[in-house]
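Notes for the one structure printed next.
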Amino acid sequence: MNRQILPLPPAGFDVVDRWWVPCTEALEWHTWDGEIVLYDERSDETHHFDVTTAAVFEMLAAKPASMRELATLLAEKLQVQADDELASMVCEIVRILHEKHIISVTSTRSDAPGSQ
């Protein structure tokens, strides 16, 4: 498979940072037609993720990933061009999930489980 190399993500996202879902035990989610409904017992909130956000969430629930890795994997999954527009979309999804305390960032690979 021929992977495309993406440009650096927009400012504010370090390329060595890895994102992950640290509290999977506090989250319950169900998938329908590629979309996810997620309940976060910590905040007592329910979230509805579209196909793109669901794909990013599932990738991070499976294992930590950098912004570049997320964009590359998402391009492959959705069969779209890995370009600046996709990188910006991934950055926005990560920003929103981070603001909702669903995902966290770690600067060193050894900080996150499964990141070796």
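In the structure tokens, each chain is lettered A, B, ... as it comes, each chain's residues begin at 1, and ligands are numbered from 1 in order of appearance.
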Quick one: residues within 12 Å of Thr24 (chain A), only C-alpha atoms, excluding same-chain residues fewer than 6 positions away - as a ChimeraX atom specification? /A:38-42,57-58,60-63,101-104,113
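Straight-line separation from CA of Asp17 (chain A) to CA of Thr46 (chain A): 27.2 Å.
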Please, what distance in Å, to one decimal, runs between CA of Glu28 (chain A) and CA of Ile96 (chain A)?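 Distance between the two atoms: 18.2 Å.
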List the neighbours of Met59 (chain A) out to 12 Å using only C-alpha atoms; skip same-chain residues closer than 6 positions along the sequence, and give me the result as an MDAnalysis selection string. chainID A and resid 18:21 52:53 65:67 69:74 77 90 94 103
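Near Phe49 (chain A), within a cut-off of 6 Å and counting only C-alpha atoms, sit the residues Glu35, Ile36, Thr53 and Ala54 of chain A, with same-chain residues fewer than 2 positions away left out.
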May I have the selected residues written with N, CA and C atoms, as a tab-separated table (two decimals), in the first residue's frame?
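Resulting contents of result34.tsv:
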```tsv
chain	number	residue	atom	x	y	z
A	35	GLU	N	-21.28	5.38	12.31
A	35	GLU	CA	-21.41	6.48	13.27
A	35	GLU	C	-21.40	5.90	14.68
A	36	ILE	N	-21.05	6.74	15.65
A	36	ILE	CA	-20.97	6.29	17.04
A	36	ILE	C	-21.81	7.18	17.93
A	53	THR	N	-15.52	11.51	12.58
A	53	THR	CA	-15.16	11.60	13.99
A	53	THR	C	-15.14	10.22	14.62
A	54	ALA	N	-16.09	9.38	14.26
A	54	ALA	CA	-16.12	8.01	14.77
A	54	ALA	C	-14.85	7.26	14.39
```
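By chain and then residue number, the residues within 6 Å of Val37 (chain A) are Trp29, His30, His47 and His48 of chain A, counting only C-alpha atoms and disregarding those fewer than 2 positions away in sequence.
The shortest atom-to-atom distance to Pro22 (chain A), with only C-alpha atoms taken into account, belongs to A:Pro64 out of A:Gly34, A:Lys100, A:Glu76, A:Pro64.
In this structure, CA of Arg68 (chain A) sits 14.6 Å away from CA of Ala55 (chain A).
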Can you tell me, as a PyMOL selection string, which residues in region 50-109 of chain A count as alpha helix (DSSP H) by DSSP? chain A and resi 51-62+67-78+84-99
Selection export as a tab-separated table (two decimals), in the first residue's frame, atoms kept: C-alpha atoms:
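Heads up, here's the output in out.tsv:
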```
chain	number	residue	atom	x	y	z
A	51	VAL	CA	-18.44	8.78	10.34
A	52	THR	CA	-15.21	10.82	10.28
A	53	THR	CA	-15.16	11.60	13.99
A	54	ALA	CA	-16.12	8.01	14.77
A	55	ALA	CA	-13.18	6.75	12.72
A	56	VAL	CA	-10.74	9.02	14.58
A	57	PHE	CA	-12.19	8.02	17.96
A	58	GLU	CA	-12.00	4.29	17.15
A	59	MET	CA	-8.39	4.63	15.99
A	60	LEU	CA	-7.43	6.35	19.24
A	61	ALA	CA	-9.41	3.89	21.37
A	62	ALA	CA	-7.43	1.07	19.71
A	67	MET	CA	-1.76	13.70	14.17
A	68	ARG	CA	0.10	12.59	11.04
A	69	GLU	CA	-0.71	8.92	11.70
A	70	LEU	CA	-4.37	9.75	12.27
A	71	ALA	CA	-4.64	11.72	9.03
A	72	THR	CA	-2.86	9.01	7.04
A	73	LEU	CA	-5.01	6.20	8.49
A	74	LEU	CA	-8.19	8.24	8.01
A	75	ALA	CA	-7.32	8.91	4.36
A	76	GLU	CA	-6.86	5.18	3.83
A	77	LYS	CA	-10.07	4.27	5.67
A	78	LEU	CA	-12.20	6.84	3.82
A	84	ASP	CA	-3.99	19.78	3.91
A	85	GLU	CA	-7.79	19.81	4.06
A	86	LEU	CA	-7.90	16.34	5.61
A	87	ALA	CA	-5.10	17.25	8.05
A	88	SER	CA	-7.05	20.33	9.14
A	89	MET	CA	-10.22	18.24	9.57
A	90	VAL	CA	-8.34	15.76	11.77
A	91	CYS	CA	-6.92	18.62	13.84
A	92	GLU	CA	-10.41	20.02	14.39
A	93	ILE	CA	-11.80	16.60	15.40
A	94	VAL	CA	-8.91	16.06	17.83
A	95	ARG	CA	-9.40	19.56	19.27
A	96	ILE	CA	-13.11	18.91	19.91
A	97	LEU	CA	-12.54	15.45	21.43
A	98	HIS	CA	-9.81	16.91	23.63
A	99	GLU	CA	-12.03	19.79	24.80
```
